[in-house]
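What follows is my_file-v1.txt (compact mmCIF, C-alpha atoms).
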```
# COMPACT_ATOMS: atom_id res chain seq x y z
CA MET A 25 19.77 -12.50 -22.28
CA GLY A 26 19.15 -8.78 -22.78
CA GLY A 27 20.15 -9.06 -26.43
CA ALA A 28 17.33 -11.52 -27.03
CA MET A 29 14.68 -8.98 -26.07
CA ALA A 30 13.04 -6.70 -28.54
CA LEU A 31 12.26 -3.67 -26.39
CA THR A 32 10.58 -0.62 -27.82
CA LEU A 33 12.51 1.51 -25.32
CA THR A 34 16.16 1.23 -24.39
CA ALA A 35 15.30 1.84 -20.73
CA LEU A 36 12.08 1.98 -18.75
CA ALA A 37 11.74 4.93 -16.41
CA TYR A 38 11.50 4.07 -12.74
CA PRO A 39 7.76 4.02 -11.94
CA GLY A 40 6.84 7.21 -10.17
CA MET A 41 3.55 6.22 -8.59
CA LEU A 42 3.22 2.91 -6.79
CA GLY A 43 2.04 1.83 -3.35
CA LEU A 44 -0.86 -0.38 -2.40
CA ASP A 45 -3.27 1.48 -4.65
CA LYS A 46 -2.81 2.31 -8.28
CA VAL A 47 -2.96 5.99 -9.04
CA SER A 48 -1.62 6.20 -12.59
CA THR A 49 -4.13 6.95 -15.34
CA ALA A 50 -2.63 4.88 -18.15
CA GLN A 51 -2.04 1.50 -16.58
CA ASP A 52 -2.82 -0.45 -19.75
CA ARG A 53 -0.34 1.56 -21.83
CA VAL A 54 2.25 -0.71 -23.42
CA ILE A 55 5.72 0.54 -22.52
CA ALA A 56 7.74 -2.28 -24.10
CA ASN A 57 7.28 -5.19 -26.50
CA THR A 58 9.28 -8.20 -25.34
CA GLN A 59 9.63 -11.80 -26.47
CA TRP A 60 7.41 -12.75 -23.50
CA GLY A 61 4.61 -10.43 -24.59
CA PRO A 62 3.83 -6.73 -24.27
CA LEU A 63 4.68 -5.06 -20.97
CA THR A 64 2.26 -2.45 -19.63
CA GLU A 65 2.67 0.17 -16.94
CA GLN A 66 0.65 -1.94 -14.50
CA ASP A 67 2.78 -5.01 -15.30
CA ARG A 68 5.95 -3.07 -14.53
CA ASP A 69 4.50 -1.53 -11.38
CA PHE A 70 3.38 -4.96 -10.20
CA VAL A 71 6.95 -6.28 -10.24
CA VAL A 72 8.08 -3.27 -8.21
CA LYS A 73 5.16 -3.72 -5.78
CA VAL A 74 6.08 -7.33 -5.13
CA ARG A 75 9.72 -6.39 -4.58
CA ALA A 76 8.78 -3.51 -2.23
CA ALA A 77 6.45 -5.77 -0.24
CA GLY A 78 9.31 -8.13 0.49
CA LEU A 79 11.60 -5.29 1.50
CA TRP A 80 9.45 -4.55 4.54
CA GLU A 81 7.65 -7.82 5.24
CA TYR A 82 10.85 -9.91 5.26
CA PRO A 83 12.40 -7.80 8.08
CA VAL A 84 9.05 -7.76 9.88
CA GLY A 85 9.17 -11.55 9.80
CA GLN A 86 12.59 -11.40 11.40
CA ILE A 87 11.25 -9.06 14.08
CA GLY A 88 8.32 -11.42 14.65
CA LEU A 89 10.67 -14.34 15.32
CA GLN A 90 12.21 -12.30 18.13
CA LYS A 91 9.14 -10.59 19.58
CA GLY A 92 6.23 -12.90 18.76
CA GLY A 93 4.37 -13.94 21.88
CA SER A 94 2.59 -17.00 20.50
CA LYS A 95 3.40 -20.03 18.37
CA ALA A 96 0.97 -18.78 15.71
CA VAL A 97 2.77 -15.43 15.40
CA ILE A 98 6.14 -17.20 15.19
CA THR A 99 4.77 -19.46 12.45
CA ALA A 100 3.38 -16.48 10.55
CA SER A 101 6.78 -14.78 10.82
CA GLN A 102 8.49 -17.82 9.33
CA HIS A 103 6.04 -17.80 6.43
CA LEU A 104 6.78 -14.12 5.74
CA ILE A 105 10.52 -14.73 5.52
CA ASP A 106 10.20 -17.89 3.45
CA GLY A 107 7.59 -16.61 1.00
CA HIS A 108 9.11 -13.21 0.35
CA ALA A 109 12.61 -14.58 -0.12
CA ALA A 110 11.27 -16.79 -2.93
CA LEU A 111 9.24 -13.97 -4.48
CA ASP A 112 12.27 -11.69 -4.29
CA THR A 113 14.35 -14.21 -6.21
CA THR A 114 11.75 -14.29 -8.97
CA CYS A 115 11.53 -10.49 -9.11
CA ARG A 116 15.30 -10.16 -9.37
CA LYS A 117 15.36 -12.75 -12.17
CA ILE A 118 12.70 -11.23 -14.37
CA ALA A 119 13.37 -7.52 -13.73
CA PRO A 120 16.54 -7.35 -15.88
CA MET A 121 14.84 -9.45 -18.56
CA LEU A 122 12.10 -6.83 -18.77
CA ASN A 123 14.44 -3.88 -18.11
CA ILE A 124 12.66 -2.95 -14.88
CA THR A 125 14.47 -1.04 -12.14
CA LEU A 126 13.82 -2.48 -8.68
CA PRO A 127 13.89 -0.52 -5.42
CA ASN A 128 16.25 -1.38 -2.56
CA VAL A 129 14.02 0.02 0.18
CA ALA A 130 10.28 -0.02 0.76
CA SER A 131 8.00 3.00 0.54
CA PRO A 132 7.76 5.48 3.44
CA GLN A 133 4.29 4.12 4.26
CA GLN A 134 5.66 0.58 4.44
CA GLU A 135 8.66 1.69 6.49
CA GLY A 136 6.13 3.27 8.87
CA PHE A 137 4.58 -0.17 9.41
CA VAL A 138 8.02 -1.54 10.24
CA ASN A 139 8.70 1.26 12.73
CA THR A 140 5.35 0.68 14.44
CA LEU A 141 6.13 -2.99 14.94
CA LYS A 142 9.68 -2.24 16.09
CA SER A 143 8.30 -0.03 18.86
CA ASP A 144 5.53 -2.43 19.92
CA THR A 145 5.96 -4.85 22.80
CA GLY A 146 4.08 -7.80 24.23
CA LYS A 147 0.48 -8.39 23.20
CA GLN A 148 0.37 -5.10 21.30
CA PHE A 149 3.05 -6.37 18.95
CA ASP A 150 1.17 -9.57 18.19
CA THR A 151 -2.08 -7.68 17.59
CA ASP A 152 -0.58 -5.01 15.35
CA PHE A 153 1.49 -7.61 13.50
CA ALA A 154 -1.56 -9.71 12.62
CA ASN A 155 -3.81 -6.80 11.67
CA ILE A 156 -1.32 -4.71 9.68
CA LEU A 157 -0.19 -7.72 7.66
CA ARG A 158 -3.70 -9.05 7.10
CA MET A 159 -4.74 -5.61 5.85
CA THR A 160 -1.79 -5.15 3.49
CA HIS A 161 -2.00 -8.68 2.09
CA GLY A 162 -5.73 -8.30 1.57
CA SER A 163 -5.10 -5.12 -0.43
CA ILE A 164 -2.49 -6.60 -2.74
CA PHE A 165 -4.47 -9.86 -3.16
CA ASN A 166 -7.08 -8.06 -5.24
CA ALA A 167 -4.39 -6.37 -7.34
CA ILE A 168 -2.78 -9.74 -8.11
CA ALA A 169 -6.06 -11.09 -9.49
CA LYS A 170 -6.38 -8.11 -11.82
CA ILE A 171 -2.83 -8.48 -13.10
CA ARG A 172 -3.16 -12.24 -13.60
CA SER A 173 -6.40 -11.87 -15.54
CA THR A 174 -5.28 -9.04 -17.80
CA THR A 175 -1.53 -9.29 -18.48
CA LYS A 176 -0.31 -10.52 -21.86
CA ASN A 177 3.23 -11.07 -20.60
CA SER A 178 4.14 -14.64 -19.62
CA LEU A 179 6.82 -13.60 -17.10
CA ILE A 180 4.31 -11.38 -15.31
CA ARG A 181 1.77 -14.22 -15.30
CA ALA A 182 4.33 -16.52 -13.69
CA LEU A 183 5.12 -13.95 -10.98
CA ALA A 184 1.39 -13.35 -10.41
CA ASP A 185 0.79 -17.08 -9.94
CA GLN A 186 3.54 -17.26 -7.33
CA ALA A 187 2.41 -14.05 -5.63
CA ASN A 188 -1.18 -15.29 -5.47
CA ASP A 189 -0.16 -18.47 -3.66
CA THR A 190 2.19 -16.62 -1.31
CA VAL A 191 -0.20 -13.84 -0.38
CA LEU A 192 -3.07 -16.26 0.20
CA ASP A 193 -0.79 -18.28 2.49
CA HIS A 194 0.22 -15.15 4.41
CA MET A 195 -3.38 -13.98 4.81
CA THR A 196 -4.26 -17.43 6.14
CA VAL A 197 -1.47 -17.59 8.73
CA MET A 198 -2.39 -14.10 9.98
CA GLU A 199 -5.99 -15.22 10.42
CA LYS A 200 -4.82 -18.32 12.30
CA THR A 201 -3.29 -16.10 15.00
CA GLY A 202 -6.84 -15.41 16.19
CA LEU A 203 -5.94 -11.73 16.54
CA VAL A 204 -7.38 -10.24 13.35
CA ASP A 205 -10.11 -7.66 13.92
CA PHE A 206 -11.94 -8.17 10.64
CA ASP A 207 -14.23 -5.15 10.95
CA GLN A 208 -11.30 -2.80 11.45
CA THR A 209 -8.97 -4.55 9.02
CA LEU A 210 -11.46 -4.72 6.16
CA PHE A 211 -12.42 -1.09 6.69
CA GLN A 212 -8.77 -0.04 6.45
CA GLN A 213 -8.28 -2.32 3.47
CA THR A 214 -11.19 -0.85 1.52
CA THR A 215 -10.84 2.75 2.78
CA PRO A 216 -7.11 3.43 2.78
CA PRO A 217 -5.84 6.83 3.95
CA LYS A 218 -5.24 9.37 1.22
CA LEU A 219 -1.49 9.71 1.36
CA PRO A 220 0.75 11.73 -0.95
CA ASN A 221 2.35 9.76 -3.77
CA SER A 222 5.75 10.23 -2.16
CA ASP A 223 4.61 8.15 0.82
CA LEU A 224 3.43 5.31 -1.41
CA THR A 225 6.45 5.13 -3.68
CA PRO A 226 9.63 3.18 -2.92
CA PRO A 227 12.56 5.38 -3.89
CA ALA A 228 14.70 4.44 -6.87
CA PRO A 229 18.10 2.99 -5.94
CA ALA A 230 21.13 5.24 -6.14
CA PRO A 231 23.30 4.62 -9.21
CA GLY A 232 25.74 1.80 -8.57
CA GLN A 233 24.07 0.76 -5.33
CA PRO A 234 24.37 -3.01 -4.73
CA GLU A 235 21.09 -4.88 -5.07
CA VAL A 236 19.57 -5.92 -1.75
CA VAL A 237 18.96 -9.67 -1.60
CA LEU A 238 16.41 -11.32 0.69
CA THR A 239 18.20 -14.55 1.60
CA PRO A 240 16.02 -17.68 1.93
CA PRO A 241 16.08 -19.29 5.38
CA ALA A 242 17.91 -22.58 5.85
CA THR A 243 14.53 -24.27 6.30
CA ALA A 244 12.97 -22.72 3.18
CA THR A 245 10.02 -24.55 1.67
CA ALA A 246 8.93 -21.88 -0.85
CA SER A 247 10.64 -21.83 -4.23
CA PRO A 248 11.02 -19.11 -6.87
CA VAL A 249 9.43 -19.61 -10.26
CA ASP A 250 11.47 -21.78 -12.62
CA ILE A 251 11.49 -19.59 -15.72
CA SER A 252 13.77 -21.82 -17.79
CA GLY A 253 10.79 -23.01 -19.84
CA LEU A 254 9.80 -19.43 -20.59
CA ILE A 255 13.31 -18.48 -21.64
CA SER A 256 13.46 -21.40 -24.07
CA GLY A 257 9.98 -20.65 -25.37
CA GLY A 258 8.00 -23.17 -23.33
CA GLY A 259 5.15 -22.62 -20.92
CA ALA A 260 5.37 -21.42 -17.35
CA PRO A 261 6.14 -24.23 -14.87
CA ALA A 262 4.73 -24.30 -11.39
CA ALA A 263 6.33 -22.08 -8.75
CA GLY A 264 7.81 -25.00 -6.86
CA ALA A 265 8.74 -27.14 -9.82
CA SER A 266 12.51 -26.69 -9.69
CA PRO A 267 14.08 -24.64 -6.93
CA ASP A 268 17.02 -22.51 -7.91
CA PRO A 269 20.15 -22.33 -5.76
CA ALA A 270 19.74 -20.00 -2.81
CA PRO A 271 21.19 -16.55 -3.47
CA THR A 272 23.98 -15.21 -1.35
CA GLY A 273 23.12 -12.72 1.36
CA GLY A 274 23.34 -9.03 0.68
```

What do you get writing this file as structure tokens?
Amino acid sequence: MGGAMALTLTALAYPGMLGLDKVSTAQDRVIANTQWGPLTEQDRDFVVKVRAAGLWEYPVGQIGLQKGGSKAVITASQHLIDGHAALDTTCRKIAPMLNITLPNVASPQQEGFVNTLKSDTGKQFDTDFANILRMTHGSIFNAIAKIRSTTKNSLIRALADQANDTVLDHMTVMEKTGLVDFDQTLFQQTTPPKLPNSDLTPPAPAPGQPEVVLTPPATATASPVDISGLISGGGAPAAGASPDPAPTGG
């Protein structure tokens, strides 16, 4: 598959500045020309963002299944696990095709969210769970729209379509908990803290480190993008058109 690509670079450097907000100054710079269209810095960073989101929201979903105090929080937790497992499969499919290095752990900021929810108990857990996840999904939702409307790469468009559906679903189930403080959440979403880049960036994996896999649940309803049509030169099929076999755990 790699031999079919016409990359302008033999390897793409691991993106140094990611996080919920874009801080690079050359996001529209083309870093590779591929058979699926040019790949820009923001395209590459988007794939890494989606991967990093799953690396903390998937385990938070698992925590929510154990600590959630209401049926709505349990349902939202199930949606996190299901949706991010499918997105993760798509990211791991297209990353080697585009020569993108994926992280194996989330950013320090995102790990901080996980630690907060690990330490919470009772009603405080449910409240923080709903508000943190509504805030983070609201932030990335706007970024997805920008990527989808500007990218010239068909693989990135397919991932953006899937991410749009998944993030909208996750925002909705958080709102259905009845616990979202919209004034506070929207303020945090539109006025994020000014953190150093190191806090917003998922670290690059160590050489030779096995790739972390987010295993779909046995009751999975979300499906990764079927990119077979893109590989053979066709258009992008719908995200749920043809589920791939579930990956093994890792």

In terms of all atoms listed in the file, the residue from A:Asp189, A:Glu65, A:Glu81, A:Asp106 at minimal distance from Thr160 of chain A is A:Glu81

In Å, with one decimal, what is the gap from atom CA of Val204 of chain A to atom CA of Gln102 of chain A?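 Those two atoms sit 18.0 Å apart.
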
Provide the atom CA of Ala244 of chain A to atom CA of Lys117 of chain A distance in Å, to one decimal place.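 Computed distance, atom CA of Ala244 of chain A to atom CA of Lys117 of chain A, equals 18.5 Å.
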
Pick from A:Gln134, A:Thr99, A:Thr113, A:Gln86, whichever lies nearest to Pro227 of chain A using only C-alpha atoms: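 Distance minimum relative to Pro227 of chain A lands on A:Gln134.
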
So which one's closest to Gly85 of chain A, A:Asp150, A:Glu199, A:Asp205, A:Asp250? Using only C-alpha atoms, please. A:Asp150

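Among A:Ser173, A:Thr214, A:Thr125, A:Asn139, the residue with the shortest atom-to-atom distance to Gln233 of chain A, counting all atoms listed in the file, is A:Thr125.
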
Considering all atoms listed in the file, return as a CSV table (one decimal) with C-alpha atoms, in the frame of the given file whatever protein or nucleic-acid residues lie within 9 Å of Phe70 of chain A, sequence-local ones (same chain, fewer than 6 positions apart) excluded.
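Writing done, so here's around16.csv:
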```csv
chain,number,residue,atom,x,y,z
A,42,LEU,CA,3.2,2.9,-6.8
A,167,ALA,CA,-4.4,-6.4,-7.3
A,168,ILE,CA,-2.8,-9.7,-8.1
A,171,ILE,CA,-2.8,-8.5,-13.1
A,180,ILE,CA,4.3,-11.4,-15.3
A,184,ALA,CA,1.4,-13.4,-10.4
```

Segment 156-164 of chain A: axis-aligned bounding box, 6 Å on each side, centre and edge lengths in Å, one decimal, as JSON:
```
{"center_x": -3.0, "center_y": -6.9, "center_z": 3.5, "size_x": 17.5, "size_y": 16.3, "size_z": 24.4}
```

Long-range neighbours of Lys170 of chain A as a count of residues only, 12 Å cut-off, all atoms listed in the file, 2 positions minimum in chain: 22

Excluding Leu179 of chain A and any residue of its chain fewer than 3 positions from it, enumerate the residues within 7 Å of it, using all atoms listed in the file, and give them as a ChimeraX atom specification. /A:60,118,182-183

Would you mind telling me which residue in A:Thr58, A:Gln186, A:Thr225, A:Gln148 lies nearest to Asn123 of chain A when using only C-alpha atoms?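 For Asn123 of chain A, the nearest of the candidates is A:Thr58.
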
Pick out the residues sitting within 12 Å of Ala100 of chain A, and hand them over as a count of residues only; count all atoms listed in the file, and ignore anything fewer than 2 positions along from it in its own chain. 38

Which residue gives the smallest distance to Cys115 of chain A among A:Ile55, A:Leu141, A:Leu238, A:Leu219, with all atoms listed in the file counted?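 Going through A:Ile55, A:Leu141, A:Leu238, A:Leu219 one by one, the smallest distance to Cys115 of chain A is for A:Leu238.
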
Give me, please, the distance in Å between atom CA of Ile255 of chain A and atom CA of Leu79 of chain A, quoted to one decimal. 26.7 Å

What's the 12 Å shell around Val237 of chain A, counting only C-alpha atoms, without same-chain residues fewer than 6 positions away, as a list of chain:residue names?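 Once the adjacent positions are removed, what remains is A:Arg75, A:Ala76, A:Gly78, A:Leu79, A:Tyr82, A:Pro83, A:His108, A:Ala109, A:Ala110, A:Leu111, A:Asp112, A:Thr113, A:Thr114, A:Cys115, A:Arg116, A:Lys117, A:Leu126, A:Pro127, A:Asn128, A:Val129, A:Ala270, A:Pro271, A:Thr272, A:Gly273, A:Gly274.
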